[in-house]
Amino acid sequence: MHLHILGICGTFMGGLALIARAAGHTVTGCDTAVYPPMSTQLQEQGIRLVEGYDASQTSLKPDLYIIGNVVTRGYPLLEAILDQGLPYTSGPQWLGQHVLQGQHVLAVAGTHGKTTTSSMLAWILEHAGLEPNFLIGGIATDLKVSARYRAGQNLFVIEADEYDTAFFDKRSKFVHYRPRTAILNNLEFDHADIFSDLTAIETQFHHLVRTIPAQGRIIRPTNSEPLDRVLAQGCWSPVHTFGPQGQWQAVTNSHASYFEVMHNGAKAGQISWNQTGEHNRMNALAALAAAEHVGVPVQAGLEALSVFGGVKRRMELRGTVRDIKVYDDFAHHPTAIATTLHGLRKQLGNQRILAVIEPRSNTMKLGTMAARLPDALQDADLTFCFGTTAGKHALGWNPQLILAPLGERASSYDDIDDMVDAICISAKPGDSILIMSNGSFGGIHQKLLDRLQP
């Protein structure tokens with residue numbers, strides 16, 4: 001079957017393309033603003049990419065069009081598909097019906113940490129020799145790709161996004177996955193362009209809970225009132241908890257990279273690893289609990305995590321010049337920004353951190369979370385914010401006004417090259433520059449590394 005995927009270079013749709021190709025289908029696709037690492041993965045697999053959404057692509061005559069949720073009414077190709085009555089479906093629906101049927105699906109949902117936790121879980125299963133299938137919104141160093149499918153394997157790890165499915169299906173993507181093991185990592189308000197309030201998101205999470213069988217497992221933190229409300233609406237599956245008072249606990253000492261895991265009050269094992277921050281210890285507990293549900297002993301999971309190499313764009317060190325480190329991180333929600341900075345601060349002590357942020361997500365551009373940014377950036381010594389007032393990435397708020405509580409510690413720019421110049425003037429040997437964005441950020445990472453050269 002020939003599948004033509006609209007929006008193929010998004011992390012989900014790109015991974016779907018790799019899975020469809022592995023399942024034996026011919027795959028082509030189209031998108032705009034193509035950039036690595038997804039474009040590289042697709043090209044390496046011999047998947048033909050077409051730039052844009054021109055209606056002439058109907059001449060490819062695929063058997064089915066798979067529509068990504070970035071595609072809306074008015075796109076010429078979509079209008080041609082509708083006018084000609086051509087067959088189409090959404091990515092999540094196609095995946096659920098044609099790939100996930102018969103698989104033990106391990107889904108990782110939550111506002112934050114989905115990619116890292118999914119990568120940890122897939123790596124634990126891989127390290128244990130279970131060779132899982134997976135579809136993750138990032139590339140773990142150890143797994144090398146963001147998606148993999150082998151028809152003979154029956155475990156499937158998937159990053160379960162609450163964003164909407166497609167222009168014709170406004171349910172969250174994850175309702176199509178029907179997991180047997182579900183991690184609900186956390187829950188707070190996000191995606192202000194889709195959801196009116198937190199209650200609307202809680203409703204979607206409850207729809208997910210309704211699909212989990214009685215023989216399944218729900219894994220959740222102990223300290224989440226939104227998840228309390230979700231499960232209070234009805235829960236038909238055993239629930240495992242993690243956190244300071246949960247069934248699964250991480251006990252740390254003064255050495256930040258070392259902690260012990262307690263399971264039901266008994267010591268299950270200990271780990272020394274290179275990940276930073278309390279959030280990653282919580283991610284690890286959730287992954288261990290999910291892996292244990294499919295038969296991986298906790299100690300074996302800890303052995304896997306001790307050599308876990310992390311995920312691209314999650315505190316990824318892009319380079320060091322003149323003893324100045326440049327990190328890349330996907331953080332874009334205020335909670336994620338605060339958590340990432342706090343983890344780096346605990347690692348670096350009093351060394352300076354220069355935070356560079358691009359408020360690029362729809363929620364951040366709308367300004368729904370903007371007022372939370374000054375508190376989220378408290379662990380940074382200096383903050384540089386990229387905010388334009390016009391064009392595709394225009395903000396609906398004034399960065400200078402919002403960041404005013406930070407005083408001289410914060411500045412904003414509407415030109416990336418000007419921002420790079422300012423950062424390089426401020427940076428000193430021993431500093432860490434932490435770049436946070438959910439996009440390519442105009443290649444600022446390499447621009448900084450080049451400009452910092454002596």
# chains A, B, ... in the order shown; residues from 1 in each chain; ligands from 1

$ residues_around --residues "segment 103-109 of chain A" --least-positions-apart "2" --cutoff "6 Å" --atoms "only C-alpha atoms" --output "NGL selection string"
:A and (100-101 or 114 or 154-160 or 179-184)

$ write_last_selection --atoms "C-alpha atoms" --output "mmCIF file, in the first residue's frame"
data_model
loop_
_atom_site.group_PDB
_atom_site.id
_atom_site.type_symbol
_atom_site.label_atom_id
_atom_site.label_comp_id
_atom_site.auth_asym_id
_atom_site.auth_seq_id
_atom_site.Cartn_x
_atom_site.Cartn_y
_atom_site.Cartn_z
ATOM 1 C CA LEU A 100 -0.988 -1.379 17.673
ATOM 2 C CA GLN A 101 -3.660 -4.085 17.419
ATOM 3 C CA LYS A 114 7.035 12.166 27.954
ATOM 4 C CA ASN A 154 4.730 -7.555 20.762
ATOM 5 C CA LEU A 155 5.803 -4.712 23.075
ATOM 6 C CA PHE A 156 5.221 -1.169 21.838
ATOM 7 C CA VAL A 157 6.368 1.932 23.766
ATOM 8 C CA ILE A 158 4.644 5.108 22.617
ATOM 9 C CA GLU A 159 4.829 8.736 23.666
ATOM 10 C CA ALA A 160 1.150 9.482 24.245
ATOM 11 C CA PRO A 179 -2.546 0.928 26.216
ATOM 12 C CA ARG A 180 -2.252 -1.953 28.656
ATOM 13 C CA THR A 181 0.422 -0.102 30.651
ATOM 14 C CA ALA A 182 -0.050 3.659 31.046
ATOM 15 C CA ILE A 183 2.231 6.183 32.703
ATOM 16 C CA LEU A 184 0.422 9.411 33.647
#

$ closest_atom_pairs --of "segment 124-186 of chain A" --to "segment 77-85 of chain A" --cutoff "12 Å" --atoms "only C-alpha atoms" --output "CSV"
residue,atom,partner,partner_atom,distance
A:Ala166,CA,A:Leu78,CA,11.9
A:Phe167,CA,A:Leu78,CA,10.3
A:Phe168,CA,A:Leu82,CA,11.6

$ closest_residue --among "A:Val261, A:Ile5, A:Ile425, A:Ala140" --to "Gln299 of chain A" --atoms "only C-alpha atoms"
A:Val261

$ select_by_dssp --residues "segment 93-179 of chain A" --states "helix (DSSP H, G or I)" --output "PyMOL selection string"
chain A and resi 93-98+114-127+173-176

$ select_by_dssp --residues "segment 344-413 of chain A" --states "strand (DSSP E)" --output "list in words"
Ile353, Leu354, Ala355, Val356, Ile357, Leu382, Thr383, Phe384, Cys385, Phe386, Ala410, Ser411, Ser412 and Tyr413 of chain A
